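Asks: Following this line is coords-v2.txt, made up of compact mmCIF, C-alpha atoms and all ligand atoms:
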```txt
# COMPACT_ATOMS: atom_id res chain seq x y z
CA MET U 12 12.67 32.48 44.89
CA THR U 13 10.37 35.48 45.29
CA GLU U 14 7.38 35.41 47.59
CA GLY U 15 4.33 33.91 45.89
CA GLN U 16 6.36 31.62 43.64
CA HIS U 17 6.23 27.98 44.62
CA ALA U 18 9.08 25.56 44.16
CA GLU U 19 8.79 23.42 41.07
CA GLN U 20 9.05 19.68 41.62
CA PHE U 21 11.28 19.00 38.57
CA ASP U 22 13.42 20.90 36.12
CA ALA U 23 12.72 21.19 32.38
CA VAL U 24 16.39 20.91 31.39
CA ASP U 25 16.73 17.64 33.36
CA MET U 26 13.69 16.30 31.52
CA ILE U 27 15.21 17.17 28.14
CA ARG U 28 18.54 15.57 29.09
CA THR U 29 16.80 12.41 30.31
CA LYS U 30 14.99 11.87 27.00
CA ARG U 31 17.99 12.98 24.93
CA ASP U 32 19.96 10.19 26.65
CA ARG U 33 17.15 7.62 26.05
CA GLY U 34 15.94 7.55 29.66
CA THR U 35 12.36 6.93 30.79
CA PHE U 36 10.14 9.24 32.83
CA SER U 37 8.21 8.50 36.01
CA GLN U 38 4.50 9.30 36.24
CA ALA U 39 5.26 12.25 38.54
CA GLN U 40 7.73 13.68 36.00
CA ILE U 41 5.18 13.40 33.18
CA ASP U 42 2.35 14.92 35.23
CA TRP U 43 4.61 17.81 36.12
CA THR U 44 5.83 18.34 32.52
CA VAL U 45 2.36 18.54 30.97
CA ASP U 46 1.04 20.70 33.79
CA ALA U 47 4.09 23.00 33.89
CA TYR U 48 3.93 23.55 30.13
CA THR U 49 0.22 24.39 30.32
CA ARG U 50 0.96 26.88 33.14
CA GLY U 51 3.78 28.47 31.10
CA VAL U 52 6.54 27.37 33.51
CA ILE U 53 8.22 25.30 30.80
CA ALA U 54 9.07 27.62 27.89
CA ASP U 55 8.18 26.85 24.27
CA GLU U 56 11.84 26.34 23.32
CA GLN U 57 12.29 23.82 26.13
CA MET U 58 9.14 21.92 25.17
CA ALA U 59 10.24 21.99 21.51
CA ALA U 60 13.56 20.36 22.49
CA LEU U 61 11.76 17.76 24.59
CA ASN U 62 9.34 17.00 21.74
CA MET U 63 12.27 16.47 19.38
CA ALA U 64 13.95 14.12 21.90
CA ILE U 65 10.66 12.18 22.14
CA LEU U 66 10.39 12.07 18.33
CA LEU U 67 13.93 10.68 18.04
CA ASN U 68 14.03 8.36 21.06
CA GLY U 69 10.39 7.41 21.62
CA MET U 70 8.44 6.68 24.79
CA THR U 71 7.39 3.40 26.38
CA ARG U 72 3.71 2.41 26.32
CA GLN U 73 3.56 3.25 30.03
CA GLU U 74 5.00 6.72 29.45
CA ILE U 75 2.51 7.34 26.61
CA SER U 76 -0.36 6.24 28.81
CA TRP U 77 0.69 8.63 31.63
CA TRP U 78 1.26 11.45 29.11
CA THR U 79 -2.26 10.93 27.72
CA ALA U 80 -3.79 10.90 31.21
CA ALA U 81 -1.97 14.13 32.07
CA MET U 82 -3.34 15.83 28.95
CA ILE U 83 -6.88 14.67 29.77
CA ALA U 84 -6.45 16.03 33.31
CA SER U 85 -5.51 19.46 31.91
CA GLY U 86 -9.16 20.15 31.02
CA GLU U 87 -12.76 19.06 31.39
CA ARG U 88 -14.05 15.55 30.80
CA MET U 89 -17.46 15.13 29.19
CA ASP U 90 -19.85 12.43 30.33
CA PHE U 91 -22.61 10.88 28.22
CA SER U 92 -23.52 8.14 30.68
CA THR U 93 -26.79 9.96 31.45
CA LEU U 94 -27.76 10.30 27.77
CA ARG U 95 -31.33 9.16 27.11
CA THR U 96 -33.76 9.27 24.20
CA PRO U 97 -36.69 11.75 24.67
CA GLU U 98 -38.68 8.66 25.77
CA GLY U 99 -36.12 7.89 28.50
CA ALA U 100 -34.24 4.92 27.01
CA VAL U 101 -30.46 4.72 27.57
CA LYS U 102 -28.36 5.62 24.50
CA ALA U 103 -24.93 4.17 23.77
CA THR U 104 -22.35 6.48 22.15
CA SER U 105 -19.77 5.80 19.48
CA ASP U 106 -17.34 8.06 17.65
CA LYS U 107 -14.91 7.86 14.75
CA HIS U 108 -11.61 9.62 14.32
CA SER U 109 -9.62 9.82 11.10
CA THR U 110 -5.96 10.73 11.20
CA GLY U 111 -6.66 12.92 8.15
CA GLY U 112 -6.64 12.50 4.41
CA VAL U 113 -7.50 14.13 1.10
CA GLY U 114 -11.19 14.05 0.16
CA ASP U 115 -11.98 12.47 3.53
CA LYS U 116 -15.60 13.54 4.00
CA ILE U 117 -16.64 10.24 5.63
CA THR U 118 -17.75 11.82 8.93
CA LEU U 119 -20.56 13.67 7.10
CA PRO U 120 -22.57 10.64 5.94
CA LEU U 121 -21.27 8.39 8.74
CA ALA U 122 -22.55 10.27 11.82
CA PRO U 123 -26.24 10.35 10.71
CA LEU U 124 -25.98 6.79 9.36
CA VAL U 125 -24.90 5.37 12.75
CA ALA U 126 -27.57 7.43 14.54
CA VAL U 127 -30.26 5.67 12.45
CA PHE U 128 -29.62 2.55 14.58
CA GLY U 129 -30.06 4.31 17.93
CA VAL U 130 -26.36 4.77 18.74
CA ALA U 131 -25.55 8.44 19.42
CA VAL U 132 -22.53 10.04 17.71
CA PRO U 133 -20.88 12.94 19.60
CA GLN U 134 -18.37 14.05 16.98
CA LEU U 135 -16.08 16.86 18.10
CA SER U 136 -14.14 18.01 15.05
CA GLY U 137 -11.57 20.55 14.01
CA ARG U 138 -10.75 22.91 11.20
CA GLY U 139 -8.17 21.98 8.59
CA LEU U 140 -4.56 23.09 8.59
CA GLY U 141 -2.36 22.25 5.60
CA HIS U 142 -3.39 19.90 2.80
CA THR U 143 -5.98 17.80 4.69
CA GLY U 144 -9.37 19.46 5.01
CA GLY U 145 -11.27 19.97 8.26
CA THR U 146 -14.76 18.59 8.80
CA LEU U 147 -16.01 21.91 10.22
CA ASP U 148 -14.75 23.83 7.16
CA LYS U 149 -16.78 21.51 4.94
CA LEU U 150 -19.99 21.83 6.97
CA GLU U 151 -19.60 25.61 7.20
CA ALA U 152 -20.19 25.68 3.42
CA ILE U 153 -23.87 24.96 4.25
CA PRO U 154 -25.76 28.27 4.57
CA GLY U 155 -26.60 29.02 8.22
CA TRP U 156 -24.82 26.01 9.77
CA ARG U 157 -22.85 26.78 12.95
CA ALA U 158 -20.14 24.72 14.61
CA ASP U 159 -20.24 26.14 18.14
CA LEU U 160 -22.62 24.48 20.60
CA THR U 161 -22.75 24.53 24.38
CA ASN U 162 -22.51 21.19 26.18
CA ALA U 163 -26.24 21.44 26.99
CA GLN U 164 -27.14 22.02 23.31
CA MET U 165 -24.96 19.07 22.34
CA MET U 166 -26.70 16.79 24.88
CA ARG U 167 -30.14 17.87 23.65
CA GLN U 168 -29.25 17.26 20.00
CA LEU U 169 -27.76 13.84 20.82
CA SER U 170 -30.93 12.88 22.64
CA GLU U 171 -33.35 14.17 19.99
CA VAL U 172 -31.48 13.70 16.68
CA GLY U 173 -28.76 11.22 17.69
CA ALA U 174 -25.83 12.85 15.90
CA VAL U 175 -23.88 16.05 16.36
CA ILE U 176 -20.77 17.32 14.62
CA CYS U 177 -19.44 20.43 16.34
CA ALA U 178 -16.28 22.27 17.41
CA ALA U 179 -14.35 20.95 20.40
CA GLY U 180 -14.57 23.60 23.14
CA ALA U 181 -11.47 25.27 24.57
CA ALA U 182 -11.89 23.34 27.83
CA LEU U 183 -11.16 19.94 26.25
CA ALA U 184 -7.50 18.90 26.68
CA PRO U 185 -6.06 22.47 26.63
CA ALA U 186 -2.55 21.03 27.07
CA ASP U 187 -2.92 19.35 23.69
CA LYS U 188 -4.00 22.57 21.99
CA LYS U 189 -0.85 24.35 23.14
CA LEU U 190 1.40 21.38 22.44
CA TYR U 191 -0.04 20.65 18.98
CA ALA U 192 0.43 24.28 17.88
CA LEU U 193 4.08 24.07 18.99
CA ARG U 194 4.65 20.70 17.25
CA ASP U 195 3.18 22.13 14.07
CA VAL U 196 5.93 24.78 13.81
CA THR U 197 8.87 22.69 15.12
CA GLY U 198 8.78 19.62 12.85
CA THR U 199 7.60 17.33 15.63
CA VAL U 200 4.09 16.35 14.51
CA GLU U 201 5.22 12.95 13.19
CA ALA U 202 6.11 11.31 16.53
CA ILE U 203 3.95 8.28 17.28
CA PRO U 204 3.83 8.84 21.10
CA LEU U 205 2.82 12.48 20.58
CA ILE U 206 0.22 11.77 17.87
CA ALA U 207 -1.32 8.87 19.82
CA SER U 208 -1.56 10.84 23.07
CA SER U 209 -2.85 13.95 21.27
CA ILE U 210 -5.68 12.15 19.50
CA MET U 211 -6.62 9.83 22.36
CA SER U 212 -6.56 12.51 25.07
CA LYS U 213 -9.25 14.42 23.14
CA LYS U 214 -11.32 11.33 22.35
CA ILE U 215 -11.21 10.00 25.91
CA ALA U 216 -12.00 13.46 27.37
CA GLU U 217 -14.91 13.71 24.93
CA GLY U 218 -16.52 10.83 26.84
CA THR U 219 -17.51 8.49 24.01
CA GLY U 220 -18.32 4.91 25.04
CA SER U 221 -16.66 3.36 21.98
CA LEU U 222 -14.35 4.57 19.25
CA VAL U 223 -13.33 3.53 15.75
CA LEU U 224 -10.06 4.93 14.42
CA ASP U 225 -9.43 5.35 10.70
CA VAL U 226 -5.64 5.42 10.46
CA LYS U 227 -4.63 6.63 7.02
CA VAL U 228 -1.55 5.31 5.21
CA GLY U 229 0.01 6.73 2.05
CA SER U 230 1.11 9.89 0.29
CA GLY U 231 -1.85 12.01 1.47
CA ALA U 232 -1.54 10.88 5.12
CA PHE U 233 1.10 11.89 7.61
CA MET U 234 2.00 8.20 8.06
CA LYS U 235 3.48 7.29 4.66
CA ASP U 236 4.62 3.88 5.81
CA GLU U 237 2.29 0.97 6.66
CA GLU U 238 4.38 -0.37 9.57
CA MET U 239 4.46 3.06 11.24
CA ALA U 240 0.70 3.43 10.77
CA ARG U 241 0.16 -0.03 12.30
CA GLU U 242 2.29 0.93 15.31
CA LEU U 243 0.28 4.15 15.72
CA ALA U 244 -2.98 2.19 15.48
CA ARG U 245 -1.84 -0.40 18.05
CA THR U 246 -0.74 2.33 20.45
CA MET U 247 -4.06 4.20 20.18
CA VAL U 248 -6.17 1.04 20.54
CA ALA U 249 -4.24 0.14 23.72
CA LEU U 250 -4.68 3.68 25.14
CA GLY U 251 -8.43 3.56 24.44
CA LYS U 252 -8.89 0.17 26.03
CA ASP U 253 -6.85 1.16 29.11
CA ALA U 254 -9.26 4.11 29.55
CA GLY U 255 -12.34 1.87 29.27
CA VAL U 256 -13.25 3.00 25.74
CA ASN U 257 -13.95 0.05 23.41
CA THR U 258 -11.54 0.95 20.57
CA VAL U 259 -10.92 -0.58 17.14
CA ALA U 260 -8.72 0.74 14.30
CA LEU U 261 -8.80 0.28 10.54
CA LEU U 262 -5.73 0.99 8.42
CA THR U 263 -6.94 2.54 5.15
CA ASN U 264 -5.31 3.58 1.90
CA MET U 265 -4.59 7.28 1.37
CA ASN U 266 -2.39 7.11 -1.73
CA THR U 267 -5.27 8.47 -3.78
CA PRO U 268 -8.06 10.85 -2.67
CA LEU U 269 -11.31 9.44 -1.33
CA GLY U 270 -14.16 9.95 -3.77
CA LEU U 271 -14.13 12.44 -6.62
CA THR U 272 -13.97 15.72 -4.72
CA ALA U 273 -11.46 17.54 -2.49
CA GLY U 274 -12.68 20.87 -1.13
CA ASN U 275 -15.51 22.11 1.08
CA ALA U 276 -18.90 22.63 -0.65
CA ILE U 277 -18.06 19.98 -3.27
CA GLU U 278 -17.36 17.43 -0.52
CA VAL U 279 -20.71 18.23 1.12
CA GLU U 280 -22.37 17.72 -2.25
CA GLU U 281 -20.71 14.29 -2.62
CA SER U 282 -21.67 13.31 0.95
CA VAL U 283 -25.29 14.14 0.15
CA GLU U 284 -25.06 11.89 -2.92
CA VAL U 285 -23.93 9.05 -0.64
CA LEU U 286 -26.80 9.79 1.77
CA ALA U 287 -29.15 9.62 -1.24
CA GLY U 288 -27.98 6.07 -1.97
CA GLY U 289 -25.43 6.96 -4.70
CA GLY U 290 -21.92 8.44 -4.64
CA PRO U 291 -18.47 7.04 -5.42
CA ALA U 292 -17.90 3.36 -4.53
CA ASP U 293 -14.89 3.98 -2.24
CA VAL U 294 -16.74 6.58 -0.14
CA VAL U 295 -19.73 4.24 0.20
CA GLU U 296 -17.52 1.25 1.09
CA LEU U 297 -15.62 3.10 3.80
CA THR U 298 -18.76 4.75 5.22
CA VAL U 299 -20.59 1.41 5.48
CA THR U 300 -17.57 -0.45 6.90
CA LEU U 301 -16.91 2.22 9.55
CA ALA U 302 -20.64 2.31 10.44
CA GLN U 303 -20.62 -1.47 10.99
CA GLU U 304 -17.51 -1.16 13.18
CA MET U 305 -18.99 1.71 15.23
CA LEU U 306 -22.27 -0.11 15.74
CA ALA U 307 -20.54 -3.37 16.69
CA ALA U 308 -18.28 -1.50 19.13
CA ALA U 309 -21.44 -0.05 20.73
CA GLY U 310 -23.06 -3.51 20.94
CA VAL U 311 -25.34 -3.37 17.84
CA HIS U 312 -24.60 -6.40 15.63
CA ASP U 313 -27.67 -6.88 13.40
CA ALA U 314 -27.71 -3.52 11.56
CA ASP U 315 -27.63 -3.08 7.77
CA PRO U 316 -26.12 0.41 7.19
CA ALA U 317 -26.06 0.00 3.37
CA ALA U 318 -29.87 -0.37 3.42
CA ALA U 319 -30.23 2.81 5.52
CA LEU U 320 -28.33 4.74 2.83
CA ARG U 321 -30.52 3.32 0.07
CA ASP U 322 -33.90 3.83 1.74
CA GLY U 323 -33.46 7.43 2.94
CA ARG U 324 -33.27 6.85 6.72
CA ALA U 325 -29.72 8.23 6.92
CA MET U 326 -30.69 11.25 4.77
CA ASP U 327 -33.55 11.97 7.14
CA VAL U 328 -31.19 12.11 10.16
CA TRP U 329 -28.71 14.23 8.15
CA LYS U 330 -31.36 16.84 7.42
CA ARG U 331 -32.42 16.99 11.06
CA MET U 332 -28.78 17.16 12.20
CA ILE U 333 -27.99 20.09 9.86
CA ALA U 334 -31.23 21.94 10.69
CA ALA U 335 -30.63 21.53 14.46
CA GLN U 336 -27.42 23.57 14.04
CA GLY U 337 -29.06 26.36 12.04
CA GLY U 338 -28.24 25.03 8.57
CA ASP U 339 -30.61 24.73 5.63
CA PRO U 340 -30.06 21.20 4.26
CA ASP U 341 -31.96 22.05 1.06
CA ALA U 342 -30.18 25.35 0.27
CA ALA U 343 -27.94 25.61 -2.79
CA LEU U 344 -24.26 25.28 -1.89
CA PRO U 345 -21.71 27.98 -2.79
CA VAL U 346 -20.11 27.57 -6.23
CA ALA U 347 -16.60 28.79 -7.16
CA ARG U 348 -16.56 31.72 -9.55
CA GLU U 349 -13.78 30.36 -11.80
CA SER U 350 -12.81 26.94 -13.13
CA GLU U 351 -10.05 25.40 -15.23
CA VAL U 352 -9.81 21.88 -16.65
CA VAL U 353 -6.78 19.56 -16.46
CA TYR U 354 -6.69 17.13 -19.42
CA ALA U 355 -5.31 13.59 -19.69
CA PRO U 356 -1.85 13.70 -21.31
CA ALA U 357 -2.07 10.22 -22.93
CA ASP U 358 -4.28 7.19 -23.67
CA GLY U 359 -4.27 4.28 -21.21
CA VAL U 360 -5.20 3.24 -17.67
CA LEU U 361 -5.01 5.82 -14.91
CA VAL U 362 -2.85 3.91 -12.41
CA GLU U 363 -1.99 6.76 -10.05
CA LEU U 364 -3.75 9.92 -8.94
CA ASP U 365 -1.62 11.13 -6.08
CA ALA U 366 -3.47 12.16 -2.92
CA LEU U 367 -0.86 14.60 -1.63
CA SER U 368 -0.68 16.47 -4.96
CA VAL U 369 -4.47 16.80 -5.16
CA GLY U 370 -4.62 17.88 -1.51
CA VAL U 371 -1.97 20.57 -2.04
CA ALA U 372 -3.74 21.76 -5.23
CA ALA U 373 -7.10 22.06 -3.40
CA TRP U 374 -5.39 23.91 -0.58
CA ARG U 375 -3.65 26.33 -2.96
CA LEU U 376 -6.97 26.97 -4.73
CA GLY U 377 -8.31 28.31 -1.42
CA ALA U 378 -10.03 25.25 0.12
CA GLY U 379 -7.54 25.10 3.01
CA ARG U 380 -5.56 27.48 5.18
CA ALA U 381 -1.83 28.00 5.70
CA ARG U 382 -2.30 29.83 9.02
CA LYS U 383 -4.99 29.35 11.66
CA GLU U 384 -6.46 32.81 10.98
CA ASP U 385 -6.92 32.27 7.19
CA VAL U 386 -10.47 32.17 5.79
CA VAL U 387 -11.28 29.25 3.48
CA GLN U 388 -13.23 29.53 0.22
CA ALA U 389 -16.36 27.38 0.38
CA GLY U 390 -16.48 26.71 -3.37
CA ALA U 391 -12.75 26.04 -3.98
CA GLY U 392 -11.22 22.63 -4.61
CA VAL U 393 -10.56 19.88 -7.11
CA ARG U 394 -13.25 17.85 -8.81
CA MET U 395 -11.88 14.60 -10.27
CA HIS U 396 -13.41 12.95 -13.32
CA ALA U 397 -11.56 9.62 -13.16
CA LYS U 398 -10.22 7.35 -10.41
CA PRO U 399 -7.28 4.91 -10.58
CA GLY U 400 -8.35 1.94 -12.69
CA ALA U 401 -10.27 4.04 -15.24
CA LEU U 402 -9.46 3.94 -18.94
CA VAL U 403 -8.71 7.46 -20.19
CA ARG U 404 -8.06 9.05 -23.60
CA ALA U 405 -5.55 11.87 -24.31
CA GLY U 406 -7.33 15.24 -24.16
CA GLU U 407 -10.19 14.00 -21.95
CA PRO U 408 -10.90 16.08 -18.79
CA LEU U 409 -9.21 14.49 -15.74
CA MET U 410 -9.86 17.16 -13.14
CA THR U 411 -11.58 20.54 -12.79
CA LEU U 412 -9.89 23.14 -10.60
CA LEU U 413 -12.24 25.50 -8.76
CA THR U 414 -11.54 28.85 -7.07
CA ASP U 415 -12.85 32.39 -6.63
CA THR U 416 -9.34 33.78 -7.27
CA PRO U 417 -7.99 32.80 -10.72
CA GLU U 418 -4.42 33.85 -9.88
CA LYS U 419 -4.32 30.67 -7.77
CA PHE U 420 -4.61 28.33 -10.79
CA GLU U 421 -0.92 28.40 -11.68
CA ARG U 422 0.38 27.19 -8.30
CA ALA U 423 -2.38 24.55 -8.16
CA ARG U 424 -1.34 23.25 -11.60
CA GLU U 425 2.28 23.09 -10.38
CA ALA U 426 1.19 20.91 -7.48
CA LEU U 427 -0.43 18.52 -9.96
CA GLU U 428 2.58 18.24 -12.31
CA ASN U 429 3.50 14.70 -11.21
CA ALA U 430 0.12 13.67 -9.80
CA VAL U 431 -1.02 11.45 -12.63
CA VAL U 432 0.48 8.22 -14.01
CA ILE U 433 -1.13 6.67 -17.10
CA ALA U 434 0.04 3.16 -18.08
CA PRO U 435 -0.67 1.01 -21.15
CA GLU U 436 -4.09 -0.62 -21.34
CA GLY U 437 -4.26 -3.84 -19.33
CA SER U 438 -2.29 -2.36 -16.36
CA ARG U 439 -3.95 -2.54 -12.96
CA PRO U 440 -3.40 -0.05 -10.15
CA ALA U 441 -2.96 -1.20 -6.54
CA GLN U 442 -6.43 -0.42 -5.24
CA ARG U 443 -7.07 -2.01 -1.85
CA LEU U 444 -8.95 0.49 0.35
CA ILE U 445 -9.01 -1.27 3.72
CA LEU U 446 -5.56 -2.62 4.54
CA ASP U 447 -5.91 -4.01 8.06
CA ARG U 448 -8.02 -4.07 11.23
CA ILE U 449 -6.51 -3.78 14.70
CA SER U 450 -8.53 -4.54 17.83
N1 LIG R 1 -4.27 14.98 14.91
C1 LIG R 1 -4.25 15.31 16.21
O1 LIG R 1 -5.26 15.63 16.80
N2 LIG R 1 -3.06 15.27 16.84
C2 LIG R 1 -1.91 14.92 16.24
O2 LIG R 1 -0.91 14.90 16.87
C3 LIG R 1 -1.96 14.58 14.87
C4 LIG R 1 -3.16 14.62 14.24
```
Could you express the structure from this file as structure tokens?

Replies:
Amino acid sequence: MTEGQHAEQFDAVDMIRTKRDRGTFSQAQIDWTVDAYTRGVIADEQMAALNMAILLNGMTRQEISWWTAAMIASGERMDFSTLRTPEGAVKATSDKHSTGGVGDKITLPLAPLVAVFGVAVPQLSGRGLGHTGGTLDKLEAIPGWRADLTNAQMMRQLSEVGAVICAAGAALAPADKKLYALRDVTGTVEAIPLIASSIMSKKIAEGTGSLVLDVKVGSGAFMKDEEMARELARTMVALGKDAGVNTVALLTNMNTPLGLTAGNAIEVEESVEVLAGGGPADVVELTVTLAQEMLAAAGVHDADPAAALRDGRAMDVWKRMIAAQGGDPDAALPVARESEVVYAPADGVLVELDALSVGVAAWRLGAGRARKEDVVQAGAGVRMHAKPGALVRAGEPLMTLLTDTPEKFERAREALENAVVIAPEGSRPAQRLILDRIS
């Protein structure tokens, strides 16, 4: 050992062997692993091997809980316990996290809707990678709107407006940032212990008082199987409760996109329709159900969120929330330069409109990014004209593809080749939106 180096408490290769052979870690071993990886003492290839061993052999609830705590300890922890209204009254906080789906714009109408009832929503969001869109990419379609706020700006907006959707700063769970980027390129995203600790470390560090998780199940989600999604939900609810955050999870269907739009500007447009008291039934149902759950988790039981969508109170908070971050809520949204229509191939009932296919098509049209550095097109995406359950006629428009770069149409059409199933009249698609609730 050279002077200045200090002895490491454990060895990365021993850790890999332990998990490879189905052993369990002590708290000290986990603390060291997360810290040593953040410091660069454990190399990427060693962490990749350990992640794969965890994916294959799992972790106990106790190990997951220690792993989560170690990731929280890698960065700063926010605290909203001093949050007050401008008049000095204490404000409770509640947040929602979705595990990601196609057309999932729910955060946009949901955050201002919950704030109507005096519960503050500190929503730290991310940008999209792959076929599921990012909330910040959608909001950045609004002229002038900016995602980066200081902690002081966030506190002020929560006090005065009641809702904020902004980028998570670099100081929040930095261990997760490094680990998630590695998992993304080593086929180890889909490990329940790693997903649960990744999501919950950020949400607990964010300092929310209560949390509602929307765990997606189906082709457009990364949990395709309901039992796996239920296990993920149970694990996250337990982690939240252990950390003193009142946590509830809903399991929701992601076999078909939410609403009639998948993209950025077009999803903002649909969210504004919901805030104006209209919008697609599934988006309204999920927004209202999640609002009720968030309010109940924060101790508000007599609220009527559906009424606040109808009577303009939620729209009022939305406009203030967008304006507080530099956006013009009344400005025209960007529109894609080119469009192409996809027609129904037959008469009958649309029984399937596959979420993953639509998500990949929107992504290929320019709505999403393949690498972190890619720039997204605000106007790109897929506008759907029918949802499962609708009666369609051959030759009727089913979807409109939108992009600024027409050479992208061909690959988007390829993604949609098997997206649609039309069955004889009288058939009924499986349509349940909310599959389960775990508390
Ligand atoms: N989202 C996260 O933040 N982390 C994961 O591991 C998966 C989805």

Asks: Measuring atom to atom with all atoms listed in the file, identify which of U:Ala163, U:Met247, U:Met26, U:Val132 is nearest to ligand LIG 1 (chain R).

Replies: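 Of all the options, U:Met247 lies closest to ligand LIG 1 (chain R).
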
Asks: Which residues come within 8 Å of U:Asp90, counting all atoms listed in the file, excluding same-chain residues fewer than 4 positions away, as a ChimeraX atom specification?

Replies: /U:217-219

Asks: Enumerate, in order of chain and increasing residue number, the residues of chain U with an atom no farther than 6 Å from ligand LIG 1 (chain R), each with its shortest atom pair and distance in Å to one decimal, counting all atoms listed in the file, as a Markdown table.

Replies:
```
| residue | atom | partner | partner_atom | distance |
| --- | --- | --- | --- | --- |
| U:Thr110 | CA | R:LIG1 | C4 | 5.7 |
| U:Val200 | CA | R:LIG1 | O2 | 5.7 |
| U:Leu205 | CA | R:LIG1 | O2 | 5.8 |
| U:Ile206 | CA | R:LIG1 | O2 | 3.5 |
| U:Ser209 | CA | R:LIG1 | N2 | 4.6 |
| U:Ile210 | CA | R:LIG1 | O1 | 4.4 |
```

Asks: Contacts of stretch 85-88 of chain U at 8 Å or less, counting only C-alpha atoms, minus same-chain residues fewer than 5 places along, as a list in words?

Replies: Val45, Asp46, Thr49, Ala182, Leu183, Ala184, Pro185, Ala186, Ile215, Ala216, Glu217 and Gly218 of chain U

Asks: Would you mind listing what lies within 10 Å of stretch 356-365 of chain U as a ChimeraX atom specification, with all atoms listed in the file counted and same-chain residues fewer than 4 positions away left out?

Replies: /U:113,229-231,265-268,369-370,395,397-409,427,429-442

Asks: Which one of U:Asn68, U:Gln134, U:Ser208, U:Thr96 sits closest to U:Ala81 if you count all atoms listed in the file?

Replies: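 Using all atoms listed in the file, the shortest distance to U:Ala81 belongs to U:Ser208.
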
Asks: Using only C-alpha atoms for the distances, tell me which of U:Asn62, U:Thr263, U:Thr414, U:Thr104 is nearest to U:Asn275.

Replies: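 Checking each candidate against U:Asn275, we get U:Thr414 as the closest.
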
Asks: May I ask which of the residues U:Leu150, U:Gln20, U:Met89, U:Glu201 is the closest one to U:Met165, counting only C-alpha atoms?

Replies: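 For U:Met165, the nearest of the given residues is U:Met89.
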
Asks: Write out as number ranges by chain which residues come within 6 Å of stretch 444-450 of chain U when counting all atoms listed in the file, dropping same-chain ones fewer than 4 positions away.

Replies: U: 259-264

Asks: For atom CA of U:Thr411 and atom CA of U:Trp156, quote the distance in Å rounded to one decimal.

Replies: 26.7 Å

Asks: Suppose you want the space between atom CA of U:Tyr354 and atom CA of U:Val393; what is it in Å?

Replies: 13.2 Å
